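Engineer: Below is query_7.cif; it holds mmCIF, C-alpha atoms.
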data_structure
#
loop_
_atom_site.label_atom_id
_atom_site.label_comp_id
_atom_site.auth_asym_id
_atom_site.auth_seq_id
_atom_site.Cartn_x
_atom_site.Cartn_y
_atom_site.Cartn_z
CA MET A 733 15.33 -22.97 -0.03
CA THR A 734 15.87 -25.97 2.18
CA TRP A 735 19.59 -25.41 2.39
CA ILE A 736 19.11 -22.06 4.14
CA SER A 737 17.05 -23.53 6.96
CA ASN A 738 19.32 -26.59 7.16
CA THR A 739 22.43 -24.44 7.41
CA ILE A 740 20.88 -22.29 10.14
CA THR A 741 19.77 -25.37 12.08
CA VAL A 742 23.16 -27.08 11.85
CA PHE A 743 24.94 -23.89 12.91
CA GLY A 744 22.63 -23.57 15.91
CA GLY A 745 23.22 -27.23 16.74
CA LEU A 746 26.98 -26.66 16.77
CA LEU A 747 26.55 -23.66 19.08
CA LEU A 748 24.31 -25.70 21.38
CA ALA A 749 26.73 -28.62 21.50
CA HIS A 750 29.55 -26.24 22.35
CA ALA A 751 27.48 -24.60 25.09
CA CYS A 752 26.57 -28.01 26.48
CA TYR A 753 30.20 -29.09 26.56
CA SER A 754 31.25 -25.83 28.21
CA ALA A 755 28.57 -26.16 30.88
CA GLN A 756 29.60 -29.74 31.57
CA GLU A 757 33.28 -28.74 31.88
CA HIS A 758 32.35 -25.87 34.15
CA ALA A 759 30.36 -28.16 36.42
CA ALA A 760 33.20 -30.69 36.50
CA LEU A 761 35.70 -27.94 37.34
CA GLN A 762 33.47 -26.61 40.09
CA SER A 763 33.10 -30.00 41.74
CA PHE A 764 36.84 -30.61 41.45
CA ARG A 765 37.64 -27.24 43.01
CA ALA A 766 35.11 -27.83 45.74
CA ALA A 767 36.68 -31.17 46.54
CA ALA A 768 40.17 -29.63 46.57
CA THR A 769 39.25 -26.74 48.85
CA SER A 770 37.21 -28.82 51.25
CA THR A 771 40.24 -30.97 52.03
CA LEU A 772 42.41 -27.94 52.77
CA THR A 773 39.94 -25.77 54.62
CA SER A 774 36.65 -26.79 56.06
CA SER A 775 34.83 -23.78 54.59
CA THR A 776 31.72 -24.51 52.57
CA PRO A 777 32.33 -24.17 48.82
CA VAL A 778 30.66 -21.27 47.11
CA ALA A 779 28.07 -22.62 44.71
CA SER A 780 28.75 -20.57 41.60
CA SER A 781 26.14 -20.44 38.91
CA LEU A 782 26.74 -20.89 35.20
CA PRO A 783 29.01 -18.25 33.60
CA VAL A 784 27.00 -15.70 31.74
CA ASP A 785 28.66 -16.34 28.39
CA ILE A 786 27.57 -19.98 28.40
CA ALA A 787 24.04 -18.91 29.28
CA ILE A 788 24.01 -16.39 26.43
CA GLU A 789 25.42 -18.96 24.01
CA THR A 790 22.69 -21.45 24.98
CA ILE A 791 19.90 -18.93 24.51
CA VAL A 792 21.30 -17.75 21.18
CA ALA A 793 21.76 -21.33 19.97
CA THR A 794 18.15 -22.12 20.92
CA LEU A 795 16.86 -19.11 19.05
CA VAL A 796 18.97 -19.92 15.99
CA ILE A 797 17.78 -23.54 15.86
CA VAL A 798 14.15 -22.51 16.30
CA LEU A 799 14.53 -20.02 13.48
CA GLY A 800 16.01 -22.72 11.26
CA LEU A 801 13.23 -25.17 12.11
CA VAL A 802 10.52 -22.61 11.49
CA LEU A 803 11.99 -21.68 8.13
CA GLY A 804 12.06 -25.39 7.28
CA THR A 805 8.35 -26.00 7.92
CA ARG A 806 6.18 -26.80 4.96
CA PRO A 807 3.91 -24.04 3.70
CA LEU A 808 0.45 -24.08 5.22
CA ARG A 809 -2.73 -24.52 3.22
CA PRO A 810 -6.01 -22.70 3.59
CA ILE A 811 -8.61 -24.84 5.34
CA GLN A 812 -11.77 -23.14 4.11
CA TRP A 813 -12.98 -24.75 0.93
CA ARG A 814 -13.67 -21.52 -0.93
CA VAL A 815 -10.30 -20.01 -0.11
CA TRP A 816 -8.49 -23.26 -0.94
CA ALA A 817 -10.32 -23.85 -4.23
CA GLY A 818 -9.87 -20.21 -5.17
CA LYS A 819 -6.15 -20.53 -4.60
CA ILE A 820 -6.00 -23.62 -6.83
CA GLU A 821 -8.03 -21.82 -9.47
CA ARG A 822 -5.82 -18.74 -9.39
CA GLU A 823 -2.38 -20.21 -8.91
CA GLY A 824 -2.65 -23.89 -9.85
CA GLU A 825 0.45 -25.89 -9.02
CA GLU A 826 2.42 -22.71 -8.36
CA GLY A 827 0.55 -22.22 -5.11
CA PHE A 828 1.42 -25.65 -3.73
CA LEU A 829 5.18 -25.77 -4.00
CA GLY A 830 7.06 -27.38 -1.15
CA ASN A 831 10.22 -25.98 0.33
CA ASN A 832 12.37 -27.58 -2.34
CA GLY A 833 10.52 -25.83 -5.15
CA GLU A 834 8.69 -28.94 -6.33
CA VAL A 835 4.97 -29.55 -6.21
CA GLU A 836 4.04 -31.36 -3.00
CA LYS A 837 3.21 -35.02 -3.41
CA ASP A 838 -0.25 -34.84 -1.89
CA TYR A 839 -1.39 -32.01 -4.13
CA MET A 840 -4.65 -33.20 -5.64
CA GLY A 841 -5.34 -30.60 -8.28
CA ASN A 842 -8.52 -28.80 -9.07
CA PRO A 843 -11.47 -30.41 -7.21
CA PHE A 844 -13.84 -29.27 -9.95
CA THR A 845 -12.19 -30.88 -12.97
CA TYR A 846 -14.89 -33.54 -13.13
CA LEU A 847 -17.48 -30.76 -13.44
CA GLU A 848 -15.64 -28.84 -16.09
CA SER A 849 -15.04 -31.86 -18.29
CA ARG A 850 -18.72 -32.84 -18.48
CA PRO A 851 -20.07 -32.91 -22.05
CA SER A 852 -22.51 -30.11 -21.33
CA PHE A 853 -19.67 -27.85 -20.40
CA VAL A 854 -17.55 -28.52 -23.45
CA ASP A 855 -17.29 -25.36 -25.55
CA ILE A 856 -18.44 -26.88 -28.84
CA ARG A 857 -18.34 -23.59 -30.76
CA ARG A 858 -14.74 -22.96 -29.88
CA GLN A 859 -13.84 -26.48 -30.90
CA ARG A 860 -15.65 -26.02 -34.24
CA LYS A 861 -13.77 -22.77 -34.80
CA GLU A 862 -10.48 -24.43 -34.03
CA PHE A 863 -11.32 -27.26 -36.38
CA ALA A 864 -12.20 -24.78 -39.15
CA GLU A 865 -8.89 -22.99 -38.64
CA TRP A 866 -7.10 -26.28 -38.81
CA ILE A 867 -8.85 -27.16 -42.09
CA LYS A 868 -8.18 -23.68 -43.51
CA ASN A 869 -4.49 -24.00 -42.81
CA GLY A 870 -4.45 -27.25 -44.67
CA GLY A 871 -3.96 -29.37 -41.63
CA GLY A 872 -3.86 -33.06 -42.33
CA ASP A 873 -3.99 -34.76 -45.72
CA ALA A 874 -7.78 -35.18 -45.80
CA GLY A 875 -8.34 -31.55 -47.01
CA LYS A 876 -5.84 -31.70 -49.87
CA LYS A 877 -6.39 -35.13 -51.30
CA MET B 549 -19.08 -21.68 17.96
CA LEU B 550 -19.62 -22.97 14.48
CA SER B 551 -22.78 -24.93 13.96
CA GLU B 552 -23.36 -27.65 11.39
CA ARG B 553 -25.13 -25.12 9.23
CA ASP B 554 -22.06 -22.94 9.17
CA PHE B 555 -19.98 -25.89 8.03
CA GLN B 556 -22.43 -26.50 5.20
CA ILE B 557 -22.26 -22.88 4.12
CA SER B 558 -18.49 -22.67 4.31
CA PRO B 559 -17.07 -26.19 4.22
CA ILE B 560 -13.67 -27.15 5.59
CA VAL B 561 -11.02 -29.05 3.62
CA GLN B 562 -9.97 -31.95 5.85
CA GLU B 563 -6.74 -32.63 3.97
CA SER B 564 -5.57 -29.10 4.56
CA VAL B 565 -6.45 -29.27 8.25
CA MET B 566 -4.42 -32.48 8.59
CA HIS B 567 -1.53 -31.04 6.61
CA ASN B 568 -1.37 -27.88 8.69
CA SER B 569 -1.67 -29.54 12.07
CA LYS B 570 0.93 -32.14 11.09
CA ALA B 571 3.38 -29.45 10.06
CA LEU B 572 2.73 -27.60 13.30
CA GLN B 573 3.05 -30.70 15.49
CA ASN B 574 6.33 -31.79 13.91
CA LEU B 575 7.82 -28.43 14.64
CA GLN B 576 6.42 -28.26 18.16
CA SER B 577 7.65 -31.65 19.31
CA LEU B 578 11.11 -30.98 17.88
CA SER B 579 11.37 -27.53 19.40
CA ALA B 580 10.04 -28.73 22.79
CA SER B 581 12.90 -31.24 23.02
CA LEU B 582 15.27 -28.49 22.04
CA PHE B 583 13.98 -26.23 24.82
CA GLY B 584 14.45 -29.10 27.25
CA ILE B 585 18.10 -29.34 26.20
CA SER B 586 18.72 -25.66 26.74
CA ALA B 587 16.83 -25.61 30.05
CA GLY B 588 18.98 -28.52 31.21
CA ILE B 589 22.18 -26.78 30.14
CA LEU B 590 21.13 -23.58 31.88
CA GLY B 591 20.40 -25.63 34.99
CA LEU B 592 16.92 -24.22 35.51
CA GLU B 593 14.87 -25.64 38.35
CA SER B 594 11.16 -25.80 39.11
CA TYR B 595 9.13 -22.74 38.11
CA SER B 596 11.84 -21.00 36.12
CA GLY B 597 12.13 -24.05 33.85
CA PHE B 598 8.41 -24.11 33.13
CA LEU B 599 8.35 -20.38 32.56
CA PHE B 600 11.28 -20.82 30.14
CA TYR B 601 9.31 -23.46 28.28
CA ILE B 602 6.12 -21.42 28.06
CA PHE B 603 8.00 -18.35 26.92
CA PHE B 604 9.89 -20.16 24.17
CA SER B 605 6.81 -22.05 22.99
CA LEU B 606 4.95 -18.81 22.54
CA LEU B 607 7.98 -17.38 20.78
CA THR B 608 7.98 -20.35 18.39
CA SER B 609 4.30 -19.82 17.63
CA PHE B 610 5.00 -16.18 16.98
CA LEU B 611 7.86 -17.06 14.61
CA ILE B 612 5.61 -19.44 12.65
CA TYR B 613 3.06 -16.70 12.56
CA LEU B 614 5.58 -14.27 11.13
CA VAL B 615 7.04 -16.70 8.60
CA ARG B 616 4.08 -18.77 7.45
CA VAL B 617 0.80 -17.14 8.40
CA ALA B 618 1.17 -13.38 8.22
CA PRO B 619 2.63 -12.87 4.72
CA LEU B 620 -0.04 -14.97 2.99
CA SER B 621 -3.15 -14.35 5.02
CA SER B 622 -4.40 -11.12 3.52
CA PRO B 623 -3.90 -10.27 -0.13
CA LYS B 624 -4.00 -6.55 -0.67
CA GLY B 625 -7.36 -4.96 -1.29
CA TYR B 626 -9.38 -8.10 -0.71
CA LYS B 627 -12.76 -7.58 0.90
CA ASP B 628 -15.67 -9.94 0.96
CA ASN B 629 -19.24 -8.76 0.68
CA LYS B 630 -19.34 -7.74 4.33
CA GLY B 631 -16.24 -5.68 3.81
CA THR B 632 -14.29 -7.50 6.48
CA GLY B 633 -11.89 -9.65 4.54
CA ASN B 634 -13.45 -12.58 6.32
CA GLY B 635 -12.05 -15.97 5.40
CA LEU B 636 -8.82 -14.70 3.96
CA GLY B 637 -7.82 -12.82 7.05
CA SER B 638 -10.25 -14.02 9.67
CA GLY B 639 -9.53 -14.59 13.30
CA VAL B 640 -6.93 -12.58 15.12
CA GLY B 641 -4.31 -11.79 12.52
CA GLY B 642 -5.56 -14.34 9.99
CA VAL B 643 -4.79 -17.51 11.96
CA LYS B 644 -8.26 -18.89 11.19
CA LYS B 645 -7.34 -19.20 7.54
CA TYR B 646 -5.03 -22.10 8.38
CA PHE B 647 -6.24 -23.41 11.75
CA ARG B 648 -9.64 -24.07 13.25
CA SER B 649 -9.03 -22.05 16.35
CA GLY B 650 -6.51 -19.51 17.42
CA PHE B 651 -6.04 -21.38 20.68
CA GLU B 652 -4.85 -24.47 18.82
CA PHE B 653 -2.25 -22.41 17.05
CA TRP B 654 -0.97 -20.25 19.89
CA ALA B 655 -1.18 -22.59 22.86
CA GLY B 656 -1.31 -26.05 21.29
CA GLY B 657 2.47 -26.33 21.32
CA ILE B 658 2.61 -26.00 25.09
CA MET B 659 0.55 -29.18 25.53
CA ASN B 660 1.97 -31.12 22.58
CA GLY B 661 5.59 -30.92 23.52
CA PHE B 662 5.38 -30.90 27.28
CA ALA B 663 6.40 -34.54 27.81
CA GLY B 664 9.35 -34.21 25.44
CA PHE B 665 10.42 -31.05 27.22
CA VAL B 666 10.45 -32.63 30.67
CA LEU B 667 12.27 -35.69 29.34
CA THR B 668 15.18 -33.81 27.76
CA TRP B 669 15.22 -31.25 30.56
CA THR B 670 15.88 -33.86 33.23
CA LEU B 671 18.24 -35.79 30.96
CA PHE B 672 20.49 -32.84 30.20
CA TYR B 673 20.29 -31.49 33.74
CA GLY B 674 21.64 -34.81 34.91
CA LEU B 675 24.24 -35.03 32.13
CA VAL B 676 25.69 -31.57 32.66
CA ARG B 677 25.66 -31.59 36.45
CA ALA B 678 26.75 -35.17 36.96
#
Can I see the file as structure tokens?
Structural biologist:
Amino acid sequence: MTWISNTITVFGGLLLAHACYSAQEHAALQSFRAAATSTLTSSTPVASSLPVDIAIETIVATLVIVLGLVLGTRPLRPIQWRVWAGKIEREGEEGFLGNNGEVEKDYMGNPFTYLESRPSFVDIRRQRKEFAEWIKNGGGDAGKK
Amino acid sequence: MLSERDFQISPIVQESVMHNSKALQNLQSLSASLFGISAGILGLESYSGFLFYIFFSLLTSFLIYLVRVAPLSSPKGYKDNKGTGNGLGSGVGGVKKYFRSGFEFWAGGIMNGFAGFVLTWTLFYGLVRA
């Protein structure tokens, strides 16, 4: 997804550079024309403002770059503990992908893992059942001899 | 205002606060310089330049709101026990899910990027109209 925002930003940057160059040329031309006319006639030069197409190009370029930058921001995270922990519980790593589709580096994981791995919370019956299944299916060499 | 008791009842994740405000500040300082460039190219002076800056900062906040805040802030059908969807969609339009105050989100960019804006504004005004 990063390439979309990068492409938009670079395109806007090109537009902005072109608008900047055009405005600079226009200003240079104006001052040149003013100098030329003032030598011929003593009339005051008309101060002409920026042509409207350059103005439009600048505004459009600004909007395009802002759009690209906004699309390139990293996804926000919930700040309230319950919402944040609930999101981790529900979505796991899927909920903390960066723009490039990889898990963000500062993703810490479930804040309650230390609680869930305490001995009192180990599901001993399920483990016994799994062990019995494993024995029944002849897992390992100890059951067969 | 939130009291200490409120923070104990519904604690805040500091890492997420830092992450969000960093993401927001990066964008705001970059875009403020950008607005300075365009204001300089347009040749704006005095009040019109500041109005340009305020308008585009608010527009940037609105774009972030549309792209990052609005689609995620309220899952369908979620209601808490008060029936308000509080926490997932709290504040005006769910901004409080990601930021401590709505003011920080909507108007923080105007203060953060102001120096960068004036810098590039004067620079490009001088460059273009040299």
Engineer: Starting from the displayed file, determine the output of the PyMOL selection byres ((chain B) within 6 of (chain A)) and express the residue list as a PDB file with C-alpha atoms, in the coordinates of the input.
Structural biologist:
ATOM      1  CA  PRO B 559     -17.070 -26.190   4.220  1.00  0.00           C
ATOM      2  CA  ILE B 560     -13.670 -27.150   5.590  1.00  0.00           C
ATOM      3  CA  VAL B 561     -11.020 -29.050   3.620  1.00  0.00           C
ATOM      4  CA  SER B 564      -5.570 -29.100   4.560  1.00  0.00           C
ATOM      5  CA  VAL B 565      -6.450 -29.270   8.250  1.00  0.00           C
ATOM      6  CA  ASN B 568      -1.370 -27.880   8.690  1.00  0.00           C
ATOM      7  CA  ILE B 589      22.180 -26.780  30.140  1.00  0.00           C
ATOM      8  CA  ILE B 612       5.610 -19.440  12.650  1.00  0.00           C
ATOM      9  CA  LYS B 645      -7.340 -19.200   7.540  1.00  0.00           C
ATOM     10  CA  TYR B 646      -5.030 -22.100   8.380  1.00  0.00           C
ATOM     11  CA  VAL B 676      25.690 -31.570  32.660  1.00  0.00           C
ATOM     12  CA  ARG B 677      25.660 -31.590  36.450  1.00  0.00           C
TER      13      ARG B 677
END
Engineer: Contacts of Glu652 in chain B at 12 Å or less, counting all atoms listed in the file, minus same-chain residues fewer than 2 places along, as a PyMOL selection string?
Structural biologist: chain B and resi 565+568-569+572-573+576+606+609+643-644+646-650+654-660
Engineer: When the PyMOL selection byres ((chain B and resi 671) around 12) is applied to the file above, which residues end up in the set, as a ChimeraX atom specification?
Structural biologist: /B:581-582,584-589,591,664-670,672-678
Engineer: Between A:Gly871, A:Gly744, A:Gly800, A:Gly824, which is the closest to Leu611 in chain B once you count all atoms listed in the file?
Structural biologist: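 Answer, going by the shortest atom-to-atom distance: A:Gly800.
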Engineer: Tell me, in Å to one decimal, how far CA of Arg616 in chain B is from CA of Thr741 in chain A.
Structural biologist: 17.6 Å
Engineer: Using N, CA, C and O atoms, give me range 551-564 of chain B from the structure I just pasted, as a PDB file, in the first residue's frame.
Structural biologist:
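New file result_1.pdb:
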ATOM      1  N   SER B 551     -10.645  12.682  36.041  1.00  0.00           N
ATOM      2  CA  SER B 551      -9.940  12.675  37.314  1.00  0.00           C
ATOM      3  C   SER B 551      -9.057  11.438  37.368  1.00  0.00           C
ATOM      4  O   SER B 551      -9.055  10.603  36.467  1.00  0.00           O
ATOM      5  N   GLU B 552      -8.282  11.345  38.457  1.00  0.00           N
ATOM      6  CA  GLU B 552      -7.397  10.196  38.610  1.00  0.00           C
ATOM      7  C   GLU B 552      -8.195   8.902  38.715  1.00  0.00           C
ATOM      8  O   GLU B 552      -7.791   7.859  38.218  1.00  0.00           O
ATOM      9  N   ARG B 553      -9.360   9.042  39.353  1.00  0.00           N
ATOM     10  CA  ARG B 553     -10.227   7.877  39.511  1.00  0.00           C
ATOM     11  C   ARG B 553     -10.684   7.344  38.149  1.00  0.00           C
ATOM     12  O   ARG B 553     -10.713   6.143  37.918  1.00  0.00           O
ATOM     13  N   ASP B 554     -10.988   8.267  37.262  1.00  0.00           N
ATOM     14  CA  ASP B 554     -11.404   7.841  35.927  1.00  0.00           C
ATOM     15  C   ASP B 554     -10.289   7.102  35.205  1.00  0.00           C
ATOM     16  O   ASP B 554     -10.530   6.141  34.484  1.00  0.00           O
ATOM     17  N   PHE B 555      -9.053   7.580  35.437  1.00  0.00           N
ATOM     18  CA  PHE B 555      -7.927   6.894  34.787  1.00  0.00           C
ATOM     19  C   PHE B 555      -7.722   5.504  35.363  1.00  0.00           C
ATOM     20  O   PHE B 555      -7.258   4.608  34.665  1.00  0.00           O
ATOM     21  N   GLN B 556      -8.060   5.346  36.660  1.00  0.00           N
ATOM     22  CA  GLN B 556      -7.935   4.006  37.238  1.00  0.00           C
ATOM     23  C   GLN B 556      -9.010   3.081  36.699  1.00  0.00           C
ATOM     24  O   GLN B 556      -8.779   1.895  36.479  1.00  0.00           O
ATOM     25  N   ILE B 557     -10.198   3.635  36.491  1.00  0.00           N
ATOM     26  CA  ILE B 557     -11.287   2.793  35.991  1.00  0.00           C
ATOM     27  C   ILE B 557     -11.044   2.425  34.534  1.00  0.00           C
ATOM     28  O   ILE B 557     -11.183   1.276  34.136  1.00  0.00           O
ATOM     29  N   SER B 558     -10.672   3.416  33.735  1.00  0.00           N
ATOM     30  CA  SER B 558     -10.391   3.107  32.323  1.00  0.00           C
ATOM     31  C   SER B 558      -8.998   3.611  31.988  1.00  0.00           C
ATOM     32  O   SER B 558      -8.826   4.757  31.591  1.00  0.00           O
ATOM     33  N   PRO B 559      -7.988   2.763  32.189  1.00  0.00           N
ATOM     34  CA  PRO B 559      -6.605   3.200  32.000  1.00  0.00           C
ATOM     35  C   PRO B 559      -6.265   3.492  30.543  1.00  0.00           C
ATOM     36  O   PRO B 559      -6.942   3.030  29.622  1.00  0.00           O
ATOM     37  N   ILE B 560      -5.206   4.274  30.386  1.00  0.00           N
ATOM     38  CA  ILE B 560      -4.763   4.732  29.068  1.00  0.00           C
ATOM     39  C   ILE B 560      -3.474   3.988  28.732  1.00  0.00           C
ATOM     40  O   ILE B 560      -2.622   3.781  29.596  1.00  0.00           O
ATOM     41  N   VAL B 561      -3.309   3.584  27.485  1.00  0.00           N
ATOM     42  CA  VAL B 561      -2.080   2.931  27.053  1.00  0.00           C
ATOM     43  C   VAL B 561      -1.119   4.001  26.557  1.00  0.00           C
ATOM     44  O   VAL B 561      -1.361   4.628  25.536  1.00  0.00           O
ATOM     45  N   GLN B 562      -0.017   4.211  27.305  1.00  0.00           N
ATOM     46  CA  GLN B 562       0.888   5.308  26.952  1.00  0.00           C
ATOM     47  C   GLN B 562       1.550   5.092  25.593  1.00  0.00           C
ATOM     48  O   GLN B 562       1.757   6.047  24.849  1.00  0.00           O
ATOM     49  N   GLU B 563       1.898   3.838  25.297  1.00  0.00           N
ATOM     50  CA  GLU B 563       2.575   3.572  24.017  1.00  0.00           C
ATOM     51  C   GLU B 563       1.699   3.981  22.842  1.00  0.00           C
ATOM     52  O   GLU B 563       2.181   4.546  21.862  1.00  0.00           O
ATOM     53  N   SER B 564       0.406   3.703  22.973  1.00  0.00           N
ATOM     54  CA  SER B 564      -0.483   4.065  21.876  1.00  0.00           C
ATOM     55  C   SER B 564      -0.613   5.571  21.754  1.00  0.00           C
ATOM     56  O   SER B 564      -0.664   6.101  20.637  1.00  0.00           O
TER      57      SER B 564
END
